[in-house]
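**Q** Next comes protein27.cif, mmCIF, C-alpha atoms:
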data_work
#
loop_
_atom_site.label_atom_id
_atom_site.label_comp_id
_atom_site.auth_asym_id
_atom_site.auth_seq_id
_atom_site.Cartn_x
_atom_site.Cartn_y
_atom_site.Cartn_z
CA MET V 79 -117.55 51.64 -33.68
CA ASN V 80 -116.71 47.96 -33.89
CA SER V 81 -115.04 47.42 -30.52
CA VAL V 82 -115.84 44.66 -28.05
CA GLY V 83 -117.92 45.80 -25.08
CA MET V 84 -116.92 44.56 -21.65
CA GLY V 85 -118.83 41.40 -20.81
CA GLN V 86 -119.87 40.83 -24.44
CA ARG V 87 -118.76 37.99 -26.65
CA PRO V 88 -117.24 38.87 -30.05
CA GLN V 89 -119.97 39.13 -32.70
CA ASN V 90 -117.80 39.08 -35.83
CA ARG V 91 -114.32 38.31 -37.08
CA ARG V 92 -113.01 41.82 -36.43
CA GLN V 93 -114.09 41.74 -32.78
CA GLN V 94 -112.52 38.28 -32.41
CA VAL V 95 -109.22 39.66 -33.71
CA VAL V 96 -109.43 42.64 -31.32
CA LYS V 97 -110.02 40.37 -28.34
CA PHE V 98 -107.25 38.00 -29.44
CA LEU V 99 -104.78 40.89 -29.68
CA TRP V 100 -105.84 42.24 -26.28
CA VAL V 101 -105.21 38.87 -24.65
CA GLY V 102 -102.15 38.09 -26.74
CA ILE V 103 -100.29 41.33 -26.04
CA TRP V 104 -99.37 39.99 -22.61
CA LEU V 105 -97.55 37.09 -24.23
CA ALA V 106 -94.66 39.51 -24.80
CA TYR V 107 -93.42 38.46 -21.38
CA LEU V 108 -92.68 35.03 -22.85
CA SER V 109 -89.64 36.54 -24.52
CA ALA V 110 -87.40 34.97 -21.86
CA PRO V 111 -88.36 31.36 -22.72
CA VAL V 112 -88.14 32.18 -26.43
CA ARG V 113 -84.60 33.59 -26.02
CA ASP V 114 -83.67 30.53 -24.02
CA LEU V 115 -84.79 28.26 -26.85
CA LEU V 116 -82.95 30.35 -29.43
CA HIS V 117 -79.71 31.05 -27.55
CA GLY V 118 -79.71 28.78 -24.52
CA GLY V 119 -77.36 26.20 -25.95
CA HIS V 120 -79.86 23.31 -25.74
CA SER V 121 -79.62 20.33 -28.02
CA ASP V 122 -81.83 20.15 -31.09
CA GLY V 123 -84.13 17.57 -29.51
CA VAL V 124 -84.59 19.65 -26.38
CA VAL V 125 -85.30 22.76 -28.45
CA VAL V 126 -87.98 20.93 -30.46
CA LEU V 127 -89.59 19.59 -27.31
CA GLY V 128 -89.33 23.06 -25.75
CA TRP V 129 -91.15 24.69 -28.67
CA ILE V 130 -93.85 22.01 -28.52
CA GLY V 131 -94.24 22.54 -24.76
CA LEU V 132 -94.40 26.32 -25.12
CA ALA V 133 -96.98 26.11 -27.93
CA ALA V 134 -99.09 23.70 -25.86
CA PHE V 135 -98.90 26.04 -22.86
CA VAL V 136 -99.93 29.10 -24.92
CA PHE V 137 -102.79 27.19 -26.55
CA TRP V 138 -104.11 25.94 -23.20
CA TYR V 139 -103.73 29.40 -21.66
CA PHE V 140 -105.67 31.07 -24.51
CA THR V 141 -108.41 28.45 -24.35
CA LEU V 142 -108.84 28.97 -20.62
CA VAL V 143 -108.75 32.79 -20.60
CA VAL V 144 -110.86 33.40 -23.71
CA ARG V 145 -113.60 31.04 -22.52
CA ALA V 146 -113.57 32.44 -18.97
CA GLY V 147 -117.08 33.14 -17.65
CA ARG V 148 -118.94 31.01 -20.20
CA GLY V 149 -120.51 28.73 -17.63
CA GLU V 150 -117.92 25.93 -17.44
CA ARG V 151 -118.02 23.92 -14.24
CA ASN V 152 -115.46 24.89 -11.63
CA GLY V 153 -114.03 21.37 -11.72
CA VAL V 154 -113.20 21.72 -15.42
CA VAL V 155 -111.53 25.10 -14.84
CA LEU V 156 -109.55 23.79 -11.88
CA GLY V 157 -108.39 20.87 -14.02
CA SER V 158 -107.29 23.27 -16.77
CA VAL V 159 -105.35 25.41 -14.26
CA ALA V 160 -103.73 22.24 -12.93
CA VAL V 161 -102.63 21.32 -16.47
CA LEU V 162 -101.05 24.78 -16.89
CA ALA V 163 -99.30 24.47 -13.54
CA ALA V 164 -97.98 21.02 -14.46
CA GLN V 165 -96.68 22.29 -17.80
CA SER V 166 -94.96 25.21 -16.05
CA THR V 167 -93.32 22.91 -13.52
CA VAL V 168 -92.05 20.44 -16.12
CA LEU V 169 -90.69 23.14 -18.43
CA SER V 170 -89.09 25.11 -15.59
CA LEU V 171 -87.36 22.11 -14.02
CA THR V 172 -86.11 20.74 -17.34
CA LEU V 173 -85.20 23.91 -19.26
CA GLY V 174 -84.14 26.40 -16.59
CA ARG V 175 -85.03 29.53 -14.63
CA GLU V 176 -86.20 31.53 -17.69
CA TRP V 177 -89.33 29.36 -17.76
CA LEU V 178 -90.45 30.35 -14.27
CA VAL V 179 -92.37 33.23 -15.87
CA LEU V 180 -95.00 30.69 -16.93
CA TYR V 181 -96.27 30.61 -13.34
CA VAL V 182 -97.31 34.27 -13.68
CA TYR V 183 -99.64 33.25 -16.51
CA VAL V 184 -101.02 30.40 -14.40
CA ALA V 185 -101.84 32.87 -11.60
CA ILE V 186 -103.48 35.30 -14.06
CA ALA V 187 -105.51 32.47 -15.63
CA SER V 188 -106.67 31.44 -12.14
CA GLY V 189 -107.91 34.95 -11.40
CA ALA V 190 -109.59 35.29 -14.79
CA ALA V 191 -111.34 31.91 -14.96
CA LEU V 192 -112.16 31.00 -11.36
CA PRO V 193 -114.73 32.60 -9.03
CA PHE V 194 -113.14 34.64 -6.25
CA ARG V 195 -113.91 32.08 -3.53
CA LEU V 196 -111.62 29.62 -5.38
CA ALA V 197 -109.18 32.10 -6.92
CA ARG V 198 -108.24 33.53 -3.51
CA TRP V 199 -106.77 30.12 -2.64
CA MET V 200 -105.50 29.10 -6.06
CA ILE V 201 -103.42 32.26 -6.68
CA PRO V 202 -101.38 31.90 -3.43
CA ALA V 203 -101.02 28.17 -4.18
CA VAL V 204 -99.57 28.95 -7.62
CA SER V 205 -97.26 31.53 -6.02
CA ALA V 206 -96.10 28.93 -3.52
CA LEU V 207 -95.47 26.49 -6.37
CA LEU V 208 -93.47 29.22 -8.13
CA THR V 209 -91.37 29.69 -4.98
CA GLY V 210 -90.72 25.97 -4.68
CA ALA V 211 -89.70 25.67 -8.33
CA ALA V 212 -87.42 28.71 -8.03
CA LEU V 213 -85.61 27.08 -5.10
CA LEU V 214 -85.07 23.90 -7.11
CA VAL V 215 -84.01 25.47 -10.40
CA PRO V 216 -80.36 26.64 -10.52
CA GLY V 217 -80.27 30.42 -10.22
CA GLY V 218 -84.06 30.57 -9.81
CA THR V 219 -83.97 32.61 -6.63
CA ALA V 220 -82.57 35.55 -8.60
CA PHE V 221 -85.83 35.59 -10.62
CA LEU V 222 -88.12 34.94 -7.66
CA THR V 223 -88.52 38.53 -6.49
CA GLY V 224 -89.28 39.78 -9.99
CA LEU V 225 -91.91 37.09 -10.61
CA LEU V 226 -93.64 36.53 -7.27
CA PHE V 227 -95.08 40.03 -7.01
CA PRO V 228 -96.47 40.08 -10.61
CA ALA V 229 -98.02 36.65 -10.03
CA LEU V 230 -99.88 37.79 -6.91
CA LEU V 231 -100.79 41.22 -8.25
CA GLY V 232 -101.78 40.00 -11.69
CA GLY V 233 -103.84 37.11 -10.34
CA PHE V 234 -105.85 39.19 -7.86
CA SER V 235 -106.22 42.03 -10.38
CA MET V 236 -107.87 39.58 -12.78
CA THR V 237 -110.36 38.59 -10.07
CA GLY V 238 -111.43 42.26 -9.99
CA VAL V 239 -111.66 42.36 -13.79
CA ARG V 240 -113.72 39.17 -13.78
CA GLU V 241 -116.10 40.65 -11.19
CA LEU V 242 -116.37 43.85 -13.22
CA ILE V 243 -117.20 41.88 -16.36
CA ARG V 244 -119.83 39.86 -14.47
CA THR V 245 -121.40 43.04 -13.05
CA THR V 246 -121.38 44.70 -16.46
CA THR V 247 -123.05 41.69 -18.03
CA GLU V 248 -125.74 41.61 -15.34
CA LEU V 249 -126.29 45.35 -15.74
CA ARG V 250 -126.68 44.97 -19.50
CA GLU V 251 -129.19 42.15 -18.98
CA ALA V 252 -131.06 44.22 -16.39
CA ARG V 253 -131.29 47.14 -18.81
CA ALA V 254 -132.66 44.82 -21.49
CA THR V 255 -135.24 43.52 -18.99
CA VAL V 256 -136.25 47.06 -18.03
CA ALA V 257 -136.62 47.96 -21.70
CA ARG V 258 -138.87 44.93 -22.27
CA LEU V 259 -140.98 45.77 -19.21
CA ALA V 260 -141.29 49.39 -20.34
CA ALA V 261 -142.42 48.25 -23.78
CA ASN V 262 -144.98 45.90 -22.22
CA GLU V 263 -146.26 48.68 -19.96
CA GLU V 264 -146.61 51.01 -22.94
CA ARG V 265 -148.56 48.35 -24.84
CA LEU V 266 -150.88 47.90 -21.86
CA ARG V 267 -151.35 51.67 -21.60
CA LEU V 268 -152.20 51.89 -25.28
CA ALA V 269 -154.60 48.94 -24.99
CA ARG V 270 -156.39 50.63 -22.06
CA ASP V 271 -156.63 53.93 -23.90
CA LEU V 272 -157.98 52.37 -27.07
CA HIS V 273 -160.51 50.31 -25.12
CA ASP V 274 -161.77 53.32 -23.21
CA LEU V 275 -161.83 55.63 -26.21
CA LEU V 276 -163.33 53.28 -28.80
CA GLY V 277 -165.68 51.54 -26.38
CA HIS V 278 -167.38 54.80 -25.45
CA SER V 279 -167.42 56.29 -28.93
CA LEU V 280 -168.58 53.15 -30.74
CA SER V 281 -171.34 52.58 -28.19
CA LEU V 282 -172.59 56.11 -28.76
CA ILE V 283 -172.38 55.70 -32.55
CA THR V 284 -174.33 52.42 -32.36
CA LEU V 285 -176.99 53.98 -30.15
CA LYS V 286 -177.44 57.03 -32.34
CA SER V 287 -177.52 54.86 -35.46
CA GLU V 288 -180.38 52.86 -33.98
CA LEU V 289 -182.19 56.08 -33.07
CA ALA V 290 -181.70 57.45 -36.56
CA GLY V 291 -183.05 54.26 -38.07
CA ARG V 292 -186.20 54.45 -35.94
CA MET V 293 -186.71 58.16 -36.61
CA LEU V 294 -186.09 58.04 -40.34
CA PRO V 295 -189.64 57.11 -41.56
CA GLY V 296 -191.58 59.58 -39.44
CA HIS V 297 -189.05 62.25 -38.44
CA PRO V 298 -186.38 62.58 -41.12
CA GLU V 299 -185.18 65.92 -39.74
CA LYS V 300 -184.50 64.37 -36.33
CA ALA V 301 -182.83 61.40 -38.00
CA ALA V 302 -180.60 63.83 -39.89
CA GLN V 303 -179.60 65.41 -36.58
CA GLN V 304 -178.64 61.99 -35.21
CA VAL V 305 -176.56 61.31 -38.31
CA ALA V 306 -174.81 64.66 -37.83
CA ASP V 307 -174.09 63.67 -34.23
CA ILE V 308 -172.71 60.34 -35.45
CA GLU V 309 -170.35 62.16 -37.79
CA GLN V 310 -169.18 64.45 -35.00
CA VAL V 311 -168.59 61.56 -32.58
CA SER V 312 -166.72 59.64 -35.28
CA ARG V 313 -164.43 62.56 -35.99
CA GLN V 314 -163.78 63.11 -32.31
CA ALA V 315 -163.07 59.40 -31.84
CA LEU V 316 -160.50 59.57 -34.62
CA VAL V 317 -158.83 62.57 -32.96
CA ASP V 318 -158.85 60.81 -29.57
CA VAL V 319 -157.33 57.62 -30.98
CA ARG V 320 -154.54 59.57 -32.67
CA ALA V 321 -153.87 61.45 -29.45
CA ALA V 322 -153.88 58.23 -27.43
CA VAL V 323 -151.37 56.61 -29.77
CA ALA V 324 -149.16 59.66 -29.41
CA GLY V 325 -149.51 59.48 -25.62
CA TYR V 326 -151.12 62.92 -25.31
CA ARG V 327 -154.70 61.94 -24.47
CA LYS V 328 -155.61 63.20 -20.99
CA PRO V 329 -159.39 63.56 -20.52
CA ARG V 330 -160.84 66.15 -18.17
CA LEU V 331 -163.75 65.67 -15.80
CA LEU V 332 -165.72 68.66 -17.12
CA GLU V 333 -165.53 67.33 -20.68
CA GLU V 334 -166.45 63.81 -19.60
CA LEU V 335 -169.42 65.06 -17.57
CA ALA V 336 -170.73 66.87 -20.63
CA GLY V 337 -170.16 63.78 -22.78
CA ALA V 338 -171.84 61.56 -20.19
CA ARG V 339 -174.94 63.78 -20.21
CA VAL V 340 -175.17 63.52 -24.01
CA ALA V 341 -174.69 59.73 -24.02
CA LEU V 342 -177.21 59.06 -21.23
CA THR V 343 -179.81 61.39 -22.73
CA ALA V 344 -179.44 59.78 -26.16
CA ALA V 345 -180.03 56.37 -24.54
CA GLY V 346 -183.22 57.61 -22.87
CA ILE V 347 -181.69 57.46 -19.40
CA THR V 348 -182.44 60.22 -16.93
CA ALA V 349 -179.08 61.72 -15.94
CA GLU V 350 -178.36 63.38 -12.61
CA LEU V 351 -174.89 64.91 -12.79
CA PRO V 352 -173.10 67.64 -10.84
CA ALA V 353 -173.25 70.96 -12.66
CA GLU V 354 -170.12 72.73 -11.39
CA PRO V 355 -167.70 70.20 -9.83
CA ASP V 356 -165.08 71.61 -7.47
CA LEU V 357 -161.70 70.53 -8.81
CA ASP V 358 -159.46 72.85 -6.78
CA GLY V 359 -156.36 71.04 -5.61
CA VAL V 360 -157.10 67.91 -7.66
CA PRO V 361 -153.82 66.72 -9.24
CA GLU V 362 -153.78 66.12 -12.96
CA ASP V 363 -153.20 62.37 -12.54
CA SER V 364 -156.18 62.08 -10.19
CA GLU V 365 -158.47 64.04 -12.50
CA THR V 366 -157.41 61.99 -15.51
CA ALA V 367 -158.01 58.69 -13.69
CA LEU V 368 -161.48 59.85 -12.51
CA ALA V 369 -162.34 61.05 -16.01
CA TRP V 370 -161.52 57.60 -17.40
CA ALA V 371 -163.60 56.03 -14.60
CA LEU V 372 -166.59 58.23 -15.47
CA ARG V 373 -166.31 57.40 -19.16
CA GLU V 374 -166.09 53.65 -18.54
CA ALA V 375 -168.96 53.71 -16.03
CA VAL V 376 -171.30 55.65 -18.34
CA THR V 377 -170.39 53.41 -21.27
CA ASN V 378 -171.31 50.35 -19.21
CA VAL V 379 -174.58 51.94 -18.12
CA VAL V 380 -175.55 52.65 -21.72
CA ARG V 381 -174.44 49.26 -22.99
CA HIS V 382 -175.39 46.75 -20.33
CA SER V 383 -177.61 48.10 -17.59
CA GLY V 384 -181.06 48.64 -19.09
CA ALA V 385 -181.34 51.45 -16.55
CA ARG V 386 -183.83 54.33 -16.56
CA ARG V 387 -181.85 56.57 -14.22
CA CYS V 388 -178.15 57.20 -13.61
CA THR V 389 -176.74 59.35 -10.83
CA VAL V 390 -173.23 60.75 -10.78
CA GLU V 391 -171.82 62.32 -7.62
CA LEU V 392 -168.46 63.99 -7.06
CA LEU V 393 -167.58 64.51 -3.39
CA ARG V 394 -164.57 65.29 -1.23
CA ARG V 395 -163.93 63.08 1.75
CA ARG V 396 -161.34 63.39 4.48
CA THR V 397 -159.95 60.02 5.54
CA LEU V 398 -157.07 58.71 7.60
CA ASP V 399 -155.03 58.57 4.40
CA GLY V 400 -155.72 62.23 3.62
CA LEU V 401 -158.17 64.20 1.50
CA LEU V 402 -159.79 62.24 -1.34
CA ILE V 403 -162.11 63.07 -4.20
CA GLU V 404 -164.76 60.41 -4.74
CA LEU V 405 -166.66 59.73 -7.94
CA ALA V 406 -169.79 57.61 -7.55
CA VAL V 407 -171.83 56.39 -10.55
CA GLU V 408 -175.03 54.50 -9.69
CA ASP V 409 -177.81 53.23 -11.95
CA ASP V 410 -181.10 51.47 -11.33
CA GLY V 411 -180.61 48.88 -14.05
CA SER V 412 -181.13 45.16 -13.75
CA GLY V 413 -178.33 44.13 -16.09
CA GLY V 414 -175.66 41.66 -15.05
CA PRO V 415 -172.22 42.51 -13.66
CA ARG V 416 -170.12 44.76 -15.84
CA GLY V 417 -167.73 42.22 -17.19
CA GLY V 418 -167.51 39.38 -19.60
CA PRO V 419 -170.01 36.61 -20.06
CA GLY V 420 -168.69 34.86 -17.00
CA GLY V 421 -169.62 37.72 -14.75
CA GLY V 422 -166.06 38.56 -13.82
CA PRO V 423 -164.48 41.98 -14.10
CA GLY V 424 -164.02 43.08 -17.68
CA ASN V 425 -161.05 44.71 -19.36
CA GLY V 426 -162.52 48.15 -18.67
CA LEU V 427 -162.67 47.74 -14.89
CA THR V 428 -159.25 46.09 -14.86
CA GLY V 429 -157.80 49.02 -16.77
CA LEU V 430 -159.50 51.51 -14.44
CA THR V 431 -158.09 49.75 -11.40
CA GLU V 432 -154.60 50.03 -12.88
CA ARG V 433 -155.06 53.72 -13.72
CA LEU V 434 -156.35 54.59 -10.25
CA THR V 435 -153.63 52.57 -8.55
CA GLN V 436 -151.00 54.50 -10.50
CA ALA V 437 -152.62 57.75 -9.33
CA GLY V 438 -152.72 56.53 -5.72
CA GLY V 439 -156.47 55.85 -5.73
CA THR V 440 -158.85 52.90 -5.46
CA LEU V 441 -161.83 51.47 -7.33
CA GLU V 442 -164.93 49.69 -6.00
CA ALA V 443 -167.61 48.24 -8.27
CA GLY V 444 -170.49 45.89 -7.61
CA ARG V 445 -174.21 45.40 -7.23
CA ALA V 446 -176.13 47.99 -5.23
CA ARG V 447 -179.64 47.87 -3.80
CA ASN V 448 -181.30 49.13 -6.96
CA GLY V 449 -178.71 48.49 -9.63
CA PHE V 450 -174.96 48.82 -10.04
CA LEU V 451 -172.55 51.15 -8.21
CA LEU V 452 -169.04 52.21 -9.17
CA ILE V 453 -166.94 54.28 -6.75
CA ALA V 454 -163.55 55.68 -7.76
CA ARG V 455 -161.37 57.54 -5.28
CA ALA V 456 -158.22 59.56 -5.92
CA PRO V 457 -156.01 61.74 -3.69
CA VAL V 458 -156.42 65.52 -3.51
CA ALA V 459 -153.69 67.98 -2.66
CA ALA V 460 -154.40 70.20 0.33
CA VAL V 461 -155.69 73.63 -0.73
CA PRO V 462 -154.28 76.47 1.40
CA ALA V 463 -156.82 78.56 3.25
CA ASP V 464 -157.72 81.98 1.82
CA VAL V 465 -155.37 84.34 3.55
CA GLY V 466 -157.54 87.38 2.83
CA SER V 467 -160.65 85.88 4.43
CA GLY V 468 -159.42 86.62 7.92
CA ALA V 469 -158.35 90.21 7.29
#
Would you mind writing the file out in structure tokens?
**A**
Amino acid sequence: MNSVGMGQRPQNRRQQVVKFLWVGIWLAYLSAPVRDLLHGGHSDGVVVLGWIGLAAFVFWYFTLVVRAGRGERNGVVLGSVAVLAAQSTVLSLTLGREWLVLYVYVAIASGAALPFRLARWMIPAVSALLTGAALLVPGGTAFLTGLLFPALLGGFSMTGVRELIRTTTELREARATVARLAANEERLRLARDLHDLLGHSLSLITLKSELAGRMLPGHPEKAAQQVADIEQVSRQALVDVRAAVAGYRKPRLLEELAGARVALTAAGITAELPAEPDLDGVPEDSETALAWALREAVTNVVRHSGARRCTVELLRRRTLDGLLIELAVEDDGSGGPRGGPGGGPGNGLTGLTERLTQAGGTLEAGRARNGFLLIARAPVAAVPADVGSGA
């Protein structure tokens, strides 16, 4: 459909024609001045001047109404309305009562082009000017009743239309802003997922490749096993990346605990992990955020820590804010802070903080007595007591 949306400027010639016709249809009420010029018995010179005055009025009216709301200063708009009012007064006083209808267009232009705080005074002023001209023009009072009400009603109706157009324009801009923010948020989500997925998988592939290279001369069968593991990790990484791009990747704590054990063992780090974590009542968002935290923490331990031991604990704690599940990952390494070369928080910890915040949790990370400690907390839903236990 090629129509003009409210609050939108015409984008092509067809839309310009549609808007012109919509504004121009109301010019049908100028039939009275036109009949006066054709059959009013004026001299040829007066008729020519009348046509010129009417054309100038219509041109000025179109210019003012079509450009309404395009950011012109109020002083310019007020000056344009004053020009229309002056034209109406001159034509009405010189050519007769049929030209009093021009004041209705002045009132409508005031409502369409001026903000309400100015239009609420300008429209009554134009109506008062119409009343004064009608009292001065012979027979004008007979037209006053039929013109005064349309001037007031039309002018104030246009203030409502102008406000509706302004609100529609702001709403359209707000929707565009929301769409941009949503797109940015989706890009950030994808960046976090790819960092977490590829960082863990590529670290494990690098580690196993180094092990395979060292084992190859003396233990080719063990090297072959490492290569097989590399192939498996690579395939899984490909599956995970595809799932992350599609927005379906939601890791689980049990899977990440198993993967963490494999990664730490392959790096020669003694792993102490919970065997059967209690996940009853843990919401899906909380479990997913903790799973990402575990993956990022273990990846950092393998990459940066130089640790010989890594301990993972999963506990429930009751706080003033409610029941929480707490994941603690501690190593005894002497590596620097888990971040960039400057020692600040890296992309991984920043992404984890965002994930946990979205799930209603928190993240703490920093140096501990014997290494580095990461603590991630997420809310837990209350689990109802076993009704049958008291029977």
**Q** Please expand the PyMOL selection byres ((chain V and resi 191) around 12) into the concrete residues it hits in this file, giving the result as a ChimeraX atom specification.
**A** /V:139-159,183-190,192-198,200-201,233-234,236-241,243-244
**Q** Go through V:Asp358, V:Ala301, V:Val204, V:Ala261 one by one, measure the shortest atom-to-atom distance of each to Glu288 (chain V) using all atoms listed in the file, and give the residue with the smallest value.
**A**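 Among the listed residues, the smallest separation from Glu288 (chain V) belongs to V:Ala301.
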**Q** Using all atoms listed in the file for the distances, tell me which of V:Phe135, V:Trp370, V:Phe227, V:Trp129 is nearest to Asp114 (chain V).
**A** V:Trp129
**Q** How many Å lie between CA of Ala456 (chain V) and CA of Arg330 (chain V), rounded to one decimal?
**A**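 Computing the Euclidean distance for CA of Ala456 (chain V) and CA of Arg330 (chain V) yields 14.2 Å.
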**Q** Hey, what's within 12 Å of Val112 (chain V) if we count all atoms listed in the file and toss same-chain stuff fewer than 3 positions away? As a PyMOL selection string, please?
**A** chain V and resi 105-109+115-118+125-126+128-133+173+176-177+179-180
**Q** Using all atoms listed in the file, which residues sit within 8 Å of Val215 (chain V) once same-chain residues fewer than 3 positions away are excluded, as an MDAnalysis selection string?
**A** chainID V and resid 170:171 174:175 211:212 218
**Q** What's around region 332-340 of chain V at 10 Å? Count only C-alpha atoms, leave out sequence neighbours fewer than 4 positions away in its own chain, and write the answer as a list of chain:residue names.
**A** V:His278, V:Leu282, V:Ala344, V:Ala345, V:Ile347, V:Thr348, V:Ala349, V:Glu350, V:Leu351, V:Pro352, V:Ala353, V:Glu354, V:Pro355, V:Leu357, V:Glu365, V:Leu368, V:Ala369, V:Trp370, V:Ala371, V:Leu372, V:Arg373, V:Glu374, V:Ala375, V:Val376, V:Thr377, V:Val380, V:Cys388, V:Val390
**Q** On this file, the PyMOL selection byres ((chain V and resi 401) around 9) gives some set of residues; write that set as a PDB file with C-alpha atoms, in the frame of the given file.
**A**
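The result, stored in out-v4.pdb:
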ATOM      1  CA  ARG V 394    -164.570  65.290  -1.230  1.00  0.00           C
ATOM      2  CA  ARG V 395    -163.930  63.080   1.750  1.00  0.00           C
ATOM      3  CA  ARG V 396    -161.340  63.390   4.480  1.00  0.00           C
ATOM      4  CA  THR V 397    -159.950  60.020   5.540  1.00  0.00           C
ATOM      5  CA  LEU V 398    -157.070  58.710   7.600  1.00  0.00           C
ATOM      6  CA  ASP V 399    -155.030  58.570   4.400  1.00  0.00           C
ATOM      7  CA  GLY V 400    -155.720  62.230   3.620  1.00  0.00           C
ATOM      8  CA  LEU V 402    -159.790  62.240  -1.340  1.00  0.00           C
ATOM      9  CA  ILE V 403    -162.110  63.070  -4.200  1.00  0.00           C
ATOM     10  CA  ALA V 456    -158.220  59.560  -5.920  1.00  0.00           C
ATOM     11  CA  PRO V 457    -156.010  61.740  -3.690  1.00  0.00           C
ATOM     12  CA  VAL V 458    -156.420  65.520  -3.510  1.00  0.00           C
ATOM     13  CA  ALA V 459    -153.690  67.980  -2.660  1.00  0.00           C
ATOM     14  CA  ALA V 460    -154.400  70.200   0.330  1.00  0.00           C
TER      15      ALA V 460
END
**Q** Using only C-alpha atoms, find the one residue out of V:His120, V:Leu249, V:Ala203, V:Tyr181 that sits nearest to Phe221 (chain V).
**A**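 Using only C-alpha atoms, the shortest distance to Phe221 (chain V) belongs to V:Tyr181.
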**Q** Report, in Å to a single decimal, how far apart CA of Asp356 (chain V) and CA of Asp409 (chain V) are.
**A**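 Computing it gives 22.8 Å between the two atoms.
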**Q** What do you get, as a list in words, if you spell out every residue that the PyMOL selection byres ((chain V and resi 411) around 9) selects here?
**A**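 Applying the expression gives Val379, His382, Ser383, Gly384, Ala385, Arg386, Arg387, Cys388, Asp409, Asp410, Ser412, Gly413, Gly414, Asn448, Gly449 and Phe450 of chain V.
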**Q** Expressed in Å to a single decimal, how great is the separation between CA of Asp274 (chain V) and CA of Arg447 (chain V)?
**A** 26.9 Å
